[in-house]
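The file protein_6.cif comes next; it holds mmCIF, C-alpha atoms.
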data_entry
#
loop_
_atom_site.label_atom_id
_atom_site.label_comp_id
_atom_site.auth_asym_id
_atom_site.auth_seq_id
_atom_site.Cartn_x
_atom_site.Cartn_y
_atom_site.Cartn_z
CA MET A 22 43.56 -151.64 -83.91
CA PRO A 23 45.52 -152.71 -86.97
CA SER A 24 43.33 -153.59 -89.95
CA LYS A 25 43.26 -157.12 -91.30
CA GLY A 26 46.45 -158.02 -93.07
CA ARG A 27 48.35 -155.12 -91.55
CA ILE A 28 52.05 -155.79 -91.14
CA SER A 29 53.70 -154.27 -88.11
CA THR A 30 57.31 -153.32 -88.62
CA GLU A 31 59.73 -150.96 -86.98
CA SER A 32 61.95 -148.28 -88.49
CA ILE A 33 59.81 -147.63 -91.54
CA THR A 34 58.06 -144.45 -92.55
CA LEU A 35 54.34 -143.78 -92.36
CA PHE A 36 54.14 -143.96 -96.16
CA GLU A 37 55.77 -147.37 -96.08
CA ARG A 38 53.43 -148.57 -93.33
CA LYS A 39 50.48 -147.58 -95.48
CA MET A 40 51.87 -149.72 -98.28
CA MET A 41 52.64 -152.75 -96.14
CA HIS A 42 49.39 -154.63 -96.19
CA ILE A 43 48.56 -157.96 -97.75
CA ILE A 44 46.15 -157.15 -100.57
CA ASP A 45 43.62 -159.86 -101.34
CA ILE A 46 42.24 -159.11 -104.78
CA GLU A 47 38.87 -160.87 -104.32
CA GLU A 48 38.32 -159.33 -100.92
CA LYS A 49 39.03 -155.85 -102.28
CA LEU A 50 36.67 -156.44 -105.22
CA SER A 51 33.91 -157.43 -102.77
CA GLN A 52 34.06 -153.93 -101.26
CA PHE A 53 32.44 -152.11 -104.19
CA ASP A 54 29.91 -152.56 -106.97
CA GLU A 55 30.17 -149.51 -109.23
CA TYR A 56 31.27 -149.99 -112.81
CA TRP A 57 34.03 -147.89 -114.42
CA SER A 58 35.22 -146.58 -111.06
CA PRO A 59 38.74 -147.92 -110.44
CA LYS A 60 39.82 -148.17 -106.80
CA ILE A 61 43.43 -147.70 -105.75
CA VAL A 62 44.77 -150.77 -103.91
CA GLY A 63 48.53 -150.21 -104.11
CA GLU A 64 51.25 -147.74 -104.94
CA LEU A 65 54.87 -148.31 -105.89
CA ASN A 66 57.51 -146.36 -107.76
CA GLY A 67 55.05 -143.65 -108.77
CA GLN A 68 52.67 -146.23 -110.22
CA LEU A 69 49.25 -147.27 -108.96
CA VAL A 70 47.65 -150.69 -108.78
CA LYS A 71 43.89 -150.41 -109.24
CA LEU A 72 40.94 -152.76 -109.31
CA ALA A 73 37.80 -152.07 -111.33
CA LYS A 74 34.51 -153.68 -112.30
CA LEU A 75 33.52 -153.03 -115.87
CA LYS A 76 30.28 -153.57 -117.75
CA GLY A 77 29.18 -152.02 -121.01
CA LYS A 78 31.16 -149.64 -123.16
CA PHE A 79 33.61 -146.98 -121.95
CA VAL A 80 34.72 -144.09 -124.18
CA TRP A 81 37.35 -143.90 -126.94
CA HIS A 82 40.43 -142.20 -125.54
CA HIS A 83 44.20 -142.33 -125.29
CA HIS A 84 46.79 -141.32 -122.71
CA ASP A 85 49.42 -138.92 -124.07
CA ASN A 86 52.18 -139.91 -121.66
CA GLU A 87 51.23 -143.15 -119.94
CA ASP A 88 51.27 -146.81 -120.89
CA GLU A 89 48.41 -148.74 -119.28
CA LEU A 90 48.14 -152.40 -118.30
CA PHE A 91 44.78 -154.22 -118.19
CA MET A 92 44.74 -157.64 -116.53
CA VAL A 93 41.50 -159.62 -116.44
CA VAL A 94 40.89 -161.30 -113.09
CA LYS A 95 37.30 -162.37 -113.82
CA GLY A 96 35.21 -162.49 -116.98
CA GLN A 97 36.16 -161.21 -120.39
CA LEU A 98 37.18 -157.81 -121.71
CA THR A 99 37.40 -156.52 -125.25
CA ILE A 100 39.76 -153.64 -125.85
CA LYS A 101 38.88 -152.08 -129.17
CA LEU A 102 41.78 -150.51 -131.02
CA LYS A 103 41.30 -148.45 -134.17
CA ASN A 104 41.81 -151.43 -136.46
CA GLN A 105 41.48 -154.51 -134.27
CA ASP A 106 39.73 -155.93 -131.22
CA VAL A 107 41.81 -157.43 -128.41
CA GLN A 108 39.89 -160.16 -126.57
CA LEU A 109 41.15 -160.78 -123.05
CA ASN A 110 40.16 -163.72 -120.87
CA GLU A 111 40.82 -164.40 -117.19
CA GLY A 112 44.55 -164.60 -116.49
CA GLN A 113 45.54 -162.52 -119.51
CA PHE A 114 46.88 -158.99 -119.70
CA PHE A 115 47.56 -156.42 -122.36
CA ILE A 116 49.57 -153.19 -122.34
CA ILE A 117 48.22 -150.18 -124.23
CA PRO A 118 51.18 -147.98 -125.17
CA LYS A 119 50.82 -144.25 -124.62
CA GLY A 120 49.14 -142.47 -127.51
CA VAL A 121 47.17 -145.50 -128.70
CA GLU A 122 43.40 -144.94 -128.98
CA HIS A 123 41.40 -147.60 -127.21
CA LEU A 124 37.88 -148.42 -126.06
CA PRO A 125 37.32 -151.01 -123.32
CA VAL A 126 34.06 -152.96 -123.71
CA ALA A 127 32.68 -155.66 -121.39
CA ILE A 128 29.52 -157.40 -122.58
CA GLU A 129 29.14 -159.10 -119.20
CA GLU A 130 30.57 -157.86 -115.90
CA CYS A 131 34.32 -158.12 -115.88
CA HIS A 132 36.89 -157.52 -113.12
CA VAL A 133 40.27 -156.07 -113.96
CA MET A 134 43.52 -155.08 -112.33
CA LEU A 135 45.19 -151.99 -113.76
CA PHE A 136 48.82 -150.85 -113.49
CA GLU A 137 49.47 -147.28 -114.51
CA PRO A 138 51.26 -144.12 -113.39
CA LYS A 139 49.70 -141.89 -110.73
CA SER A 140 49.20 -139.21 -113.39
CA VAL A 141 46.65 -141.20 -115.42
CA LEU A 142 43.14 -139.77 -115.85
CA ASN A 143 40.67 -142.58 -116.55
CA THR A 144 39.27 -141.02 -119.74
CA GLY A 145 42.71 -139.83 -120.94
CA ASN A 146 42.42 -136.99 -123.46
CA VAL A 147 38.62 -136.90 -123.16
CA THR A 148 36.54 -135.27 -120.43
CA ASN A 149 32.95 -136.38 -120.07
CA GLU A 150 30.48 -137.76 -117.53
CA MET A 151 32.70 -140.84 -117.05
CA THR A 152 35.76 -138.79 -116.07
CA LEU A 153 36.88 -139.24 -112.46
CA GLN A 154 39.21 -136.56 -111.11
CA LYS A 155 39.91 -138.46 -107.90
CA LEU A 156 39.80 -142.18 -107.19
CA ASP A 157 39.02 -143.85 -103.89
CA GLU A 158 41.62 -145.90 -102.07
CA ILE A 159 40.31 -149.10 -100.56
CA MET B 17 54.46 -164.61 -139.44
CA PRO B 18 53.02 -162.81 -136.43
CA SER B 19 53.32 -164.80 -133.21
CA LYS B 20 50.23 -165.96 -131.36
CA GLY B 21 48.36 -163.11 -129.76
CA ARG B 22 50.17 -160.50 -131.85
CA ILE B 23 48.14 -157.40 -132.50
CA SER B 24 48.68 -155.70 -135.82
CA THR B 25 48.20 -151.96 -135.82
CA GLU B 26 49.30 -149.06 -137.95
CA SER B 27 51.11 -145.87 -136.98
CA ILE B 28 52.82 -147.26 -133.92
CA THR B 29 56.51 -147.65 -133.26
CA LEU B 30 58.49 -150.87 -133.19
CA PHE B 31 58.78 -150.59 -129.41
CA GLU B 32 55.03 -150.29 -129.13
CA ARG B 33 54.50 -153.25 -131.46
CA LYS B 34 56.70 -155.36 -129.24
CA MET B 35 54.50 -154.45 -126.29
CA MET B 36 51.22 -155.12 -128.04
CA HIS B 37 50.70 -158.80 -127.40
CA ILE B 38 48.11 -160.55 -125.33
CA ILE B 39 50.02 -162.08 -122.42
CA ASP B 40 48.54 -165.27 -121.04
CA ILE B 41 50.09 -165.79 -117.62
CA GLU B 42 49.66 -169.59 -117.51
CA GLU B 43 50.97 -170.02 -121.03
CA LYS B 44 54.06 -167.94 -120.23
CA LEU B 45 54.68 -169.92 -117.03
CA SER B 46 54.56 -173.16 -119.05
CA GLN B 47 57.59 -171.97 -121.04
CA PHE B 48 60.15 -172.40 -118.26
CA ASP B 49 60.95 -174.51 -115.22
CA GLU B 50 63.89 -172.85 -113.45
CA TYR B 51 63.39 -171.51 -109.96
CA TRP B 52 64.47 -167.99 -108.94
CA SER B 53 64.88 -166.89 -112.55
CA PRO B 54 62.27 -164.21 -113.32
CA LYS B 55 61.26 -163.80 -116.96
CA ILE B 56 60.25 -160.45 -118.39
CA VAL B 57 56.75 -160.56 -119.90
CA GLY B 58 55.88 -156.89 -120.18
CA GLU B 59 57.23 -153.37 -119.95
CA LEU B 60 55.44 -150.11 -119.27
CA ASN B 61 56.43 -146.70 -117.98
CA GLY B 62 59.95 -147.85 -117.13
CA GLN B 63 58.61 -150.76 -115.09
CA LEU B 64 58.80 -154.48 -115.86
CA VAL B 65 56.22 -157.20 -115.40
CA LYS B 66 57.94 -160.50 -114.61
CA LEU B 67 56.88 -164.06 -113.93
CA ALA B 68 58.86 -166.44 -111.75
CA LYS B 69 58.72 -169.90 -110.26
CA LEU B 70 60.03 -170.08 -106.72
CA LYS B 71 60.92 -172.98 -104.48
CA GLY B 72 63.09 -172.97 -101.41
CA LYS B 73 64.74 -169.99 -99.80
CA PHE B 74 66.17 -166.95 -101.59
CA VAL B 75 68.63 -164.56 -99.93
CA TRP B 76 68.10 -161.68 -97.48
CA HIS B 77 68.36 -158.43 -99.41
CA HIS B 78 66.81 -155.03 -100.00
CA HIS B 79 66.53 -152.65 -102.92
CA ASP B 80 67.89 -149.18 -102.18
CA ASN B 81 65.72 -147.34 -104.69
CA GLU B 82 62.91 -149.61 -105.82
CA ASP B 83 59.63 -150.77 -104.38
CA GLU B 84 58.75 -154.30 -105.42
CA LEU B 85 55.38 -156.01 -105.85
CA PHE B 86 54.96 -159.78 -105.37
CA MET B 87 51.65 -161.28 -106.51
CA VAL B 88 51.03 -164.99 -106.00
CA VAL B 89 49.37 -166.63 -109.01
CA LYS B 90 49.80 -170.22 -107.78
CA GLY B 91 50.79 -171.75 -104.45
CA GLN B 92 51.93 -169.92 -101.38
CA LEU B 93 54.81 -167.58 -100.64
CA THR B 94 56.26 -166.41 -97.38
CA ILE B 95 58.09 -163.10 -97.41
CA LYS B 96 60.17 -162.88 -94.28
CA LEU B 97 60.73 -159.37 -92.95
CA LYS B 98 63.10 -158.64 -90.10
CA ASN B 99 60.39 -158.92 -87.45
CA GLN B 100 57.47 -160.64 -89.17
CA ASP B 101 56.52 -163.19 -91.80
CA VAL B 102 54.08 -162.22 -94.55
CA GLN B 103 52.09 -165.23 -95.78
CA LEU B 104 50.72 -164.78 -99.29
CA ASN B 105 48.17 -167.05 -100.93
CA GLU B 106 46.95 -167.20 -104.50
CA GLY B 107 45.29 -163.95 -105.53
CA GLN B 108 47.14 -161.86 -102.95
CA PHE B 109 49.91 -159.34 -103.39
CA PHE B 110 52.30 -157.40 -101.20
CA ILE B 111 54.51 -154.40 -101.88
CA ILE B 112 57.98 -154.30 -100.32
CA PRO B 113 58.98 -150.66 -99.97
CA LYS B 114 62.51 -149.71 -101.01
CA GLY B 115 65.05 -150.22 -98.28
CA VAL B 116 63.11 -152.95 -96.48
CA GLU B 117 65.06 -156.18 -95.91
CA HIS B 118 63.18 -159.25 -97.10
CA LEU B 119 63.63 -162.94 -97.76
CA PRO B 120 61.19 -164.78 -100.05
CA VAL B 121 60.64 -168.43 -99.06
CA ALA B 122 58.45 -170.99 -100.83
CA ILE B 123 58.13 -174.35 -99.11
CA GLU B 124 56.39 -175.80 -102.16
CA GLU B 125 56.69 -174.53 -105.74
CA CYS B 126 55.04 -171.15 -106.06
CA HIS B 127 54.36 -168.97 -109.12
CA VAL B 128 54.51 -165.21 -108.82
CA MET B 129 54.07 -162.10 -110.88
CA LEU B 130 56.45 -159.26 -110.07
CA PHE B 131 56.09 -155.61 -110.88
CA GLU B 132 59.19 -153.48 -110.42
CA PRO B 133 61.38 -150.86 -112.13
CA LYS B 134 63.75 -151.86 -114.93
CA SER B 135 66.67 -151.00 -112.65
CA VAL B 136 65.98 -153.79 -110.12
CA LEU B 137 68.63 -156.45 -109.57
CA ASN B 138 67.04 -159.64 -108.22
CA THR B 139 69.32 -159.89 -105.18
CA GLY B 140 69.25 -156.13 -104.50
CA ASN B 141 72.22 -155.03 -102.41
CA VAL B 142 73.70 -158.54 -102.36
CA THR B 143 75.69 -160.26 -105.08
CA ASN B 144 75.99 -164.02 -104.92
CA GLU B 145 75.38 -167.14 -106.99
CA MET B 146 71.68 -166.29 -107.23
CA THR B 147 72.33 -162.86 -108.79
CA LEU B 148 71.15 -162.51 -112.39
CA GLN B 149 72.61 -159.60 -114.33
CA LYS B 150 70.29 -160.07 -117.29
CA LEU B 151 66.85 -161.60 -117.43
CA ASP B 152 65.27 -163.42 -120.36
CA GLU B 153 62.24 -162.01 -122.11
CA ILE B 154 59.62 -164.59 -123.02
#
Represent the supplied structure as structure tokens.
Amino acid sequence: MPSKGRISTESITLFERKMMHIIDIEEKLSQFDEYWSPKIVGELNGQLVKLAKLKGKFVWHHHDNEDELFMVVKGQLTIKLKNQDVQLNEGQFFIIPKGVEHLPVAIEECHVMLFEPKSVLNTGNVTNEMTLQKLDEI
Amino acid sequence: MPSKGRISTESITLFERKMMHIIDIEEKLSQFDEYWSPKIVGELNGQLVKLAKLKGKFVWHHHDNEDELFMVVKGQLTIKLKNQDVQLNEGQFFIIPKGVEHLPVAIEECHVMLFEPKSVLNTGNVTNEMTLQKLDEI
């Protein structure tokens, strides 16, 4: 049986069928509780759309080859840069250019949407207990 | 004088500086009124983030080489496909795979965020009075 939101079309590939769902951001966020564990909710042009719940402090890191977009969908997020803090509220986004050191911090629980290439590792140039080699798709 | 939301950092390029602003989606949408005229509000990894106000019917088209993401930030959008209508509400998004014919329709004014490669032409394979060769950055 097709899942909720599934679009039936003809003459498209299996990969395209997988993409062709209506994604409801709140509904997807209700499917998980873990912090710092981005879930893949979309793919296009070699880029991934991810949703994550954040609380507390992540780890200083950068991405050598990938720019990264953080959009706040609920709560507030601080992205610490080496010489400034970026304060993001609901409905705001910020793009971290490749190579720029950053540290996401959420004092209270915060929900974000991320846009970034498939090649991104969550902790960038750092490997530690927060590193996730493979993300779930939901 | 730095514009509102400007982040000052050292050791980053001019291109990166241009990227490093907090983007407030509502504030950006308040800067224009035209329908079917997407404005560029961000760039990352060869992709553009755009905001647009839609009302009425666009034109049937497809993009040969680009997948396209439509996210509704206000109102409702129908994306007609050849054999089905996709109804999107606020907080929902949908990815149109490359090659898939589609027709965006908004009965009432609708605000959307788009995520697509720099190479995308708004009317895809069609050129008509709605075609925009160059988009404004705001």
Exercise: B:Gln63 partners within 6 Å, all atoms listed in the file, chain neighbours under 4 positions left out, as a list of chain:residue names:
B:Glu59, B:Glu132, B:Pro133, B:Lys134
What residues in chain A lie within 9 Å of chain B, counting all atoms listed in the file, written as a VMD selection string?
chain A and resid 26 28 to 31 33 37 to 38 40 to 47 63 to 66 68 86 to 90 102 to 121 136 to 138
Show me, as a list in words, the residues that have an atom within 7 Å of A:Leu75 when counting all atoms listed in the file, minus same-chain residues fewer than 6 positions from it.
Tyr56, Trp57, Ala127, Glu130, Cys131 and His132 of chain A
Picked residues, the PyMOL selection byres ((chain A and resi 59) around 6), as a PyMOL selection string:
chain A and resi 58+60+71-73
What does the distance from atom CA of A:Asp85 to atom CA of A:Val141 come to in Å, to one decimal?
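Straight-line distance from atom CA of A:Asp85 to atom CA of A:Val141 works out to 9.4 Å.
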Atom pair atom CA of A:Thr148 / atom CA of A:Pro125: separation (Å):
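One can read the atom CA of A:Thr148 to atom CA of A:Pro125 distance as 16.0 Å.
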Coordinates-based distance that separates atom CA of B:Gly140 from atom CA of B:Lys71 (Å, one decimal):
18.8 Å
What lies within 9 Å of B:Asn141 using only C-alpha atoms, ignoring chain neighbours under 5 positions off, as a PyMOL selection string?
chain B and resi 77-80
Please put the answer as AutoDock Vina command-line options: centre and edge lengths, in Å with one decimal, of a box along x, y and z that encloses all listed atoms of stretch 73-89 of chain A plus 3 Å on each side.
--center_x 40.7 --center_y -146.3 --center_z -119.1 --size_x 29.0 --size_y 20.8 --size_z 21.6
Any idea what's packed within 8 Å of B:Ile123, counting all atoms listed in the file, ignoring anything in its chain fewer than 4 positions away? Could you give it as a CSV table (one decimal) with C-alpha atoms, keeping the file's coordinate frame?
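result.csv was written with the following content:
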chain,number,residue,atom,x,y,z
B,71,LYS,CA,60.9,-173.0,-104.5
B,72,GLY,CA,63.1,-173.0,-101.4
B,73,LYS,CA,64.7,-170.0,-99.8
B,92,GLN,CA,51.9,-169.9,-101.4
B,93,LEU,CA,54.8,-167.6,-100.6
Pick from A:Glu129, A:Asn143, A:Glu122, A:Ser51 nearest to A:Lys155, counting all atoms listed in the file
A:Asn143
